[in-house]
Structure formats: structure tokens, C-alpha cells
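See structure below.
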Amino acid sequence: MVKKNQKVAWIILNRPEKLNAINAIMLKELSEATGILEKEANVGCIIIKGVGERAFSSGADLTELLELTQETAAKFSTMGQQVFSKLEKISKPVIAEIGGYALGGGLELALACDFRMASDDAVLGCPETKMGLIPAWGGTQRLPLAVGLSNSKRLIMLGERVKANEALEIGLVDRVVPMKNLEVEVEKLALRLVEPSVLTLKNVKQAVNSVIKVSSGGLKRETEFFVRLLSLDETKRKLTEYYESNFTQKTDRKQ
């Protein structure tokens, strides 16, 4: 879902009943929205947010993961990587408005944005290893660029989650504000970002991004490892257990 107000546009993840979990349809819509907003001359900044206060995005839709074959798993991983790379390379600044959970693929989406502002009750992490998997939408490549190797290994290998204040300390988010102020503060940042000319921002973004680039070889290996792991019976079992323990009962902040 997309909405616009003056020079700011919002891409809204609208699956609150699934904590805005990302499926193939949402990836397709995100790609389409990114392409449209890139061409809109009057749009100077883009904000990505999830519906509701409980989650920016809880990650990839686990029910969809359980149905993937080796062939479709490779396509699913590559699709997410391509969509997030497209978002990362868009000429306009992009802000992730992180309220609540940003887990797995949801965190990978936020990492593809230029700025990440979080609510004070936000929880961020990479739970994939608890399901026998690895991040497969660029997380193994972008997370080290954001927080360094040591913190990346801790978050990915141990599947640890960090609260907003720790996320700020390690550089995973740029700013933390009370949930009640999050929307207003994000919009203030967006309005500051549209003050320079679009061409200026485009050139700055390209120049800065040229310093640290996501490796295409790394993304390819990420997909290969994801597909290999997803084909294992043990991974299917862990995925099912994780889904049943987190999503078949009343959803709460223990996820």
C-alpha cells in the first residue's frame, strides 16, 4: 500500500494479522512501488512502515517457506535480494520506520534502507538459525556493514534479538524514540531530507554507497546455502516447530 503527502511517500506493509510477514506477493508489490516512486519527480523521500504498532515486519512468511522446493526456494531468495537491492539503489533516501518487531527478512528490509528509526520497544534480530536457516535476502552481506563482523556473527549465529537501545549502541538503528512519537519524528526526518535538491541527494547517495557495496558473489552464496539448508528434513522440522510455537497461539511479545 502506498500513500503520498507533498514530497514524502509511504510504502506500507499491510499484513497486520501476520505481523506484516513478507511473502512473494508483498515482494512483488514492494518492487512495483519502488519503481513507481523512483519515477515520481515530486517525491523526495520514501518511508517504509508496517501497519500497527506490533511489528515493522516479523520476517518471511513461514507458511510460504514450508511449501518451497529447491527450485522455488532459490527463486524466493533471489527475488528478495533483487527487490531489496533495488530499494537500496533507488536515488531517493529511504527511511525504515521500525515499530515493534523487525526480525529476519523484516530486518533485512530495514537494512536496505538509508535510515532506520526505531520505537523504544522495538526488537530486532535474525532468528533464522533457530529454524536451521540463514538470512537469505542480503542479511549476511548488509548486517556486517552496519554493525561489524563480531556483532553480525553474534546476531546471526546465535539468533539473538536486541532491544532498541542496544540496537542503537551497535549501529543497527540510527535513532530511538518513544513509540507515541515515532511517526512524527520519522516524518520530521523525511521533511529534512527533501530540502536538498533531488539531484544532490541522488549524487550523495551514489557516492556514499560506492564506498561499501554488497557483494554479488556473497548474495549468490547466501542463496545457495539457504536452498541447501531448506532441503533438509531437520530444517523443515525446526521451521514447523518455530511456526507452531510462535504463530499458532495468541501472538505476543515473546516472539
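Ordered as shown in the C-alpha cells, chains take letters A, B, and onward, while each chain numbers its residues from 1 and ligands are numbered from 1 in the order shown.
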Practice problem: Assign secondary structure with DSSP using the backbone only, and return the residues of stretch 36-66 of chain A in helix (DSSP H, G or I) as a PyMOL selection string. | Solution: chain A and resi 36-39+62-65
Practice problem: Just the residues within 10 Å of A:Phe84, please, counting only C-alpha atoms, with nothing from its chain fewer than 6 positions along; format it as a PyMOL selection string. | Solution: chain A and resi 27+30-31+34+78+90+108-113+137-138
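The smallest atom-to-atom distance between A:Ala9 and any of A:Ala60, A:Val186, A:Met26, A:Leu155, using only C-alpha atoms, is found for A:Val186.
Closest approach to A:Ala55 among A:Lys18, A:Lys4, A:Lys28, A:Arg228: A:Lys18, based on only C-alpha atoms.
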Quiz item: Among stretch 52-229 of chain A, which ones does DSSP place in strand (DSSP E or B), written as a PyMOL selection string?
Solution: chain A and resi 55-57+60+94-98+101-103+115-119+123-125+161-163+175-177
Using only C-alpha atoms, I'd like a table of the residues in stretch 36-106 of chain A that come within 12 Å of stretch 120-132 of chain A; for each, show the closest atom pair and its distance in Å rounded to one decimal, ordered by chain and ascending number, as JSON lines.
```
{"residue": "A:Glu53", "atom": "CA", "partner": "A:Ala122", "partner_atom": "CA", "distance": 9.5}
{"residue": "A:Arg54", "atom": "CA", "partner": "A:Ala122", "partner_atom": "CA", "distance": 8.6}
{"residue": "A:Ala55", "atom": "CA", "partner": "A:Ala122", "partner_atom": "CA", "distance": 8.1}
{"residue": "A:Phe56", "atom": "CA", "partner": "A:Ala122", "partner_atom": "CA", "distance": 8.9}
{"residue": "A:Ser57", "atom": "CA", "partner": "A:Leu124", "partner_atom": "CA", "distance": 9.9}
{"residue": "A:Ser58", "atom": "CA", "partner": "A:Leu124", "partner_atom": "CA", "distance": 9.2}
{"residue": "A:Gly59", "atom": "CA", "partner": "A:Cys126", "partner_atom": "CA", "distance": 9.0}
{"residue": "A:Ala60", "atom": "CA", "partner": "A:Glu128", "partner_atom": "CA", "distance": 9.9}
{"residue": "A:Leu62", "atom": "CA", "partner": "A:Met131", "partner_atom": "CA", "distance": 10.0}
{"residue": "A:Leu65", "atom": "CA", "partner": "A:Met131", "partner_atom": "CA", "distance": 10.8}
{"residue": "A:Leu66", "atom": "CA", "partner": "A:Met131", "partner_atom": "CA", "distance": 11.0}
{"residue": "A:Glu97", "atom": "CA", "partner": "A:Ala122", "partner_atom": "CA", "distance": 10.4}
{"residue": "A:Ile98", "atom": "CA", "partner": "A:Ala122", "partner_atom": "CA", "distance": 6.9}
{"residue": "A:Gly99", "atom": "CA", "partner": "A:Ala122", "partner_atom": "CA", "distance": 5.7}
{"residue": "A:Gly100", "atom": "CA", "partner": "A:Ala122", "partner_atom": "CA", "distance": 4.1}
{"residue": "A:Tyr101", "atom": "CA", "partner": "A:Val123", "partner_atom": "CA", "distance": 4.9}
{"residue": "A:Ala102", "atom": "CA", "partner": "A:Leu124", "partner_atom": "CA", "distance": 4.8}
{"residue": "A:Leu103", "atom": "CA", "partner": "A:Gly125", "partner_atom": "CA", "distance": 4.9}
{"residue": "A:Gly104", "atom": "CA", "partner": "A:Cys126", "partner_atom": "CA", "distance": 4.6}
{"residue": "A:Gly105", "atom": "CA", "partner": "A:Cys126", "partner_atom": "CA", "distance": 8.1}
{"residue": "A:Gly106", "atom": "CA", "partner": "A:Leu124", "partner_atom": "CA", "distance": 8.8}
```
Self-check item: Nearby residues (only C-alpha atoms) at most 12 Å from A:Phe226, same-chain spacing under 6 positions excluded, as number ranges by chain
Solution: A: 65, 68-78, 128-129, 131-140, 219-220, 232, 235
Keeping N, CA and C atoms, export the residues of the selection given above as a compact mmCIF listing (two decimals), in the first residue's frame.
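So selection_19.txt came out as:
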```txt
# COMPACT_ATOMS: atom_id res chain seq x y z
N LEU A 65 7.45 -20.47 3.37
CA LEU A 65 8.76 -21.15 3.38
C LEU A 65 8.59 -22.67 3.41
N LEU A 68 8.17 -24.39 0.00
CA LEU A 68 9.15 -24.19 -1.07
C LEU A 68 9.89 -25.48 -1.42
N THR A 69 10.12 -25.66 -2.71
CA THR A 69 11.01 -26.70 -3.20
C THR A 69 12.39 -26.08 -3.38
N GLN A 70 13.37 -26.90 -3.76
CA GLN A 70 14.70 -26.34 -4.00
C GLN A 70 14.66 -25.26 -5.09
N GLU A 71 13.90 -25.52 -6.14
CA GLU A 71 13.82 -24.56 -7.23
C GLU A 71 13.13 -23.27 -6.80
N THR A 72 11.98 -23.41 -6.13
CA THR A 72 11.24 -22.21 -5.74
C THR A 72 11.93 -21.48 -4.58
N ALA A 73 12.69 -22.23 -3.76
CA ALA A 73 13.45 -21.59 -2.69
C ALA A 73 14.52 -20.67 -3.25
N ALA A 74 15.19 -21.11 -4.31
CA ALA A 74 16.21 -20.28 -4.95
C ALA A 74 15.57 -19.03 -5.54
N LYS A 75 14.41 -19.17 -6.14
CA LYS A 75 13.71 -18.02 -6.73
C LYS A 75 13.26 -17.06 -5.63
N PHE A 76 12.79 -17.60 -4.52
CA PHE A 76 12.30 -16.78 -3.41
C PHE A 76 13.44 -15.97 -2.81
N SER A 77 14.58 -16.62 -2.61
CA SER A 77 15.75 -15.93 -2.07
C SER A 77 16.23 -14.85 -3.03
N THR A 78 16.39 -15.22 -4.29
CA THR A 78 16.87 -14.27 -5.29
C THR A 78 15.92 -13.10 -5.47
N GLU A 128 16.85 -16.81 12.04
CA GLU A 128 16.88 -17.88 11.04
C GLU A 128 17.60 -19.13 11.53
N THR A 129 18.70 -18.98 12.28
CA THR A 129 19.44 -20.17 12.71
C THR A 129 18.61 -21.05 13.63
N MET A 131 15.76 -21.83 13.07
CA MET A 131 14.94 -22.63 12.15
C MET A 131 15.82 -23.46 11.22
N GLY A 132 17.14 -23.48 11.49
CA GLY A 132 18.05 -24.24 10.66
C GLY A 132 18.42 -23.56 9.36
N LEU A 133 18.18 -22.25 9.26
CA LEU A 133 18.42 -21.50 8.03
C LEU A 133 19.44 -20.39 8.25
N ILE A 134 19.68 -19.59 7.21
CA ILE A 134 20.48 -18.39 7.31
C ILE A 134 19.68 -17.25 6.68
N PRO A 135 19.99 -16.01 7.00
CA PRO A 135 19.35 -14.89 6.29
C PRO A 135 19.59 -15.04 4.80
N ALA A 136 18.57 -14.82 3.99
CA ALA A 136 18.70 -15.10 2.56
C ALA A 136 18.29 -13.94 1.67
N TRP A 137 18.05 -12.77 2.26
CA TRP A 137 17.70 -11.59 1.48
C TRP A 137 18.73 -10.48 1.65
N GLY A 138 19.99 -10.87 1.76
CA GLY A 138 21.06 -9.90 1.86
C GLY A 138 21.53 -9.62 3.27
N GLY A 139 20.96 -10.31 4.26
CA GLY A 139 21.32 -10.05 5.64
C GLY A 139 22.75 -10.39 5.98
N THR A 140 23.28 -11.47 5.38
CA THR A 140 24.67 -11.84 5.67
C THR A 140 25.65 -10.83 5.08
N LEU A 219 25.83 -12.62 -2.21
CA LEU A 219 24.40 -12.88 -2.34
C LEU A 219 24.14 -14.24 -2.98
N LYS A 220 24.96 -14.59 -3.97
CA LYS A 220 24.79 -15.88 -4.63
C LYS A 220 25.03 -17.02 -3.64
N LEU A 232 16.76 -29.78 3.90
CA LEU A 232 17.00 -30.78 4.93
C LEU A 232 15.74 -31.05 5.75
N THR A 235 15.66 -29.07 8.98
CA THR A 235 15.23 -27.68 8.84
C THR A 235 13.72 -27.58 8.77
```
Quiz item: Counting only C-alpha atoms, what is within 12 Å of A:Glu195, bar same-chain residues fewer than 6 positions away, as a ChimeraX atom specification?
Solution: /A:7-8,43-45,93,188-189,201
Atoms to include: N, CA and C atoms. Write the selected residues as a PDB file, in the first residue's frame.
```
ATOM      1  N   LYS A   7       5.963  15.967  -0.620  1.00  0.00           N
ATOM      2  CA  LYS A   7       7.148  15.355  -1.213  1.00  0.00           C
ATOM      3  C   LYS A   7       7.541  14.034  -0.556  1.00  0.00           C
ATOM      4  N   VAL A   8       6.728  13.548   0.363  1.00  0.00           N
ATOM      5  CA  VAL A   8       7.027  12.315   1.088  1.00  0.00           C
ATOM      6  C   VAL A   8       6.039  11.222   0.678  1.00  0.00           C
ATOM      7  N   VAL A  43       8.255  13.275  -5.527  1.00  0.00           N
ATOM      8  CA  VAL A  43       8.558  12.516  -4.314  1.00  0.00           C
ATOM      9  C   VAL A  43      10.044  12.617  -4.020  1.00  0.00           C
ATOM     10  N   GLY A  44      10.374  13.157  -2.845  1.00  0.00           N
ATOM     11  CA  GLY A  44      11.776  13.345  -2.490  1.00  0.00           C
ATOM     12  C   GLY A  44      12.291  12.371  -1.456  1.00  0.00           C
ATOM     13  N   CYS A  45      11.391  11.701  -0.743  1.00  0.00           N
ATOM     14  CA  CYS A  45      11.805  10.771   0.310  1.00  0.00           C
ATOM     15  C   CYS A  45      10.737   9.699   0.474  1.00  0.00           C
ATOM     16  N   PRO A  93      16.268   9.068  -0.751  1.00  0.00           N
ATOM     17  CA  PRO A  93      16.501   8.496   0.567  1.00  0.00           C
ATOM     18  C   PRO A  93      15.287   7.699   1.052  1.00  0.00           C
ATOM     19  N   LYS A 188       9.443  14.123  10.388  1.00  0.00           N
ATOM     20  CA  LYS A 188      10.331  15.285  10.504  1.00  0.00           C
ATOM     21  C   LYS A 188      11.646  15.033   9.769  1.00  0.00           C
ATOM     22  N   LEU A 189      12.190  13.828   9.939  1.00  0.00           N
ATOM     23  CA  LEU A 189      13.423  13.479   9.241  1.00  0.00           C
ATOM     24  C   LEU A 189      13.211  13.484   7.735  1.00  0.00           C
ATOM     25  N   LEU A 201      20.772  14.867  -3.631  1.00  0.00           N
ATOM     26  CA  LEU A 201      20.623  13.664  -2.810  1.00  0.00           C
ATOM     27  C   LEU A 201      21.003  12.410  -3.590  1.00  0.00           C
TER      28      LEU A 201
END
```
Exercise. Write out as number ranges by chain each polymer residue whose atoms come within 10 Å of A:Lys180, counting only C-alpha atoms; drop sequence neighbours fewer than 2 positions from it.
Key: A: 53, 99, 119-120, 177-178, 182-185
Selection export as a short mmCIF file (atom, residue, chain, number, x, y, z; two decimals), in the first residue's frame, atoms kept: C-alpha atoms:
```cif
data_model
loop_
_atom_site.label_atom_id
_atom_site.label_comp_id
_atom_site.auth_asym_id
_atom_site.auth_seq_id
_atom_site.Cartn_x
_atom_site.Cartn_y
_atom_site.Cartn_z
CA GLU A 53 2.45 -0.90 16.50
CA GLY A 99 7.80 -0.03 15.38
CA SER A 119 10.45 2.82 18.66
CA ASP A 120 11.76 2.37 22.20
CA VAL A 177 12.19 7.45 20.11
CA PRO A 178 9.07 6.64 22.15
CA LEU A 182 7.80 7.55 16.15
CA GLU A 183 5.58 8.55 13.24
CA VAL A 184 6.04 12.27 13.88
CA GLU A 185 9.82 12.02 14.26
#
```
Exercise. Considering only C-alpha atoms, return as a VMD selection string whatever protein or nucleic-acid residues lie within 12 Å of A:Lys205, sequence-local ones (same chain, fewer than 6 positions apart) excluded.
Key: chain A and resid 88 to 94 113 to 115 193 198 to 199 211 to 212
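With only C-alpha atoms as the basis for measurement, A:Gln141 is the residue among A:Gly35, A:Ile46, A:Asn165, A:Gln141 that approaches A:Lys153 most closely.
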Self-check item: Selected residue, from A:Asn151, A:Thr200, A:Ala24, A:Ser210, that lies nearest to A:Val83 when counting only C-alpha atoms
Solution: A:Ala24
Quiz item: How many Å lie between atom CA of A:Asn14 and atom CA of A:Gly50, rounded to one decimal?
Solution: 6.3 Å
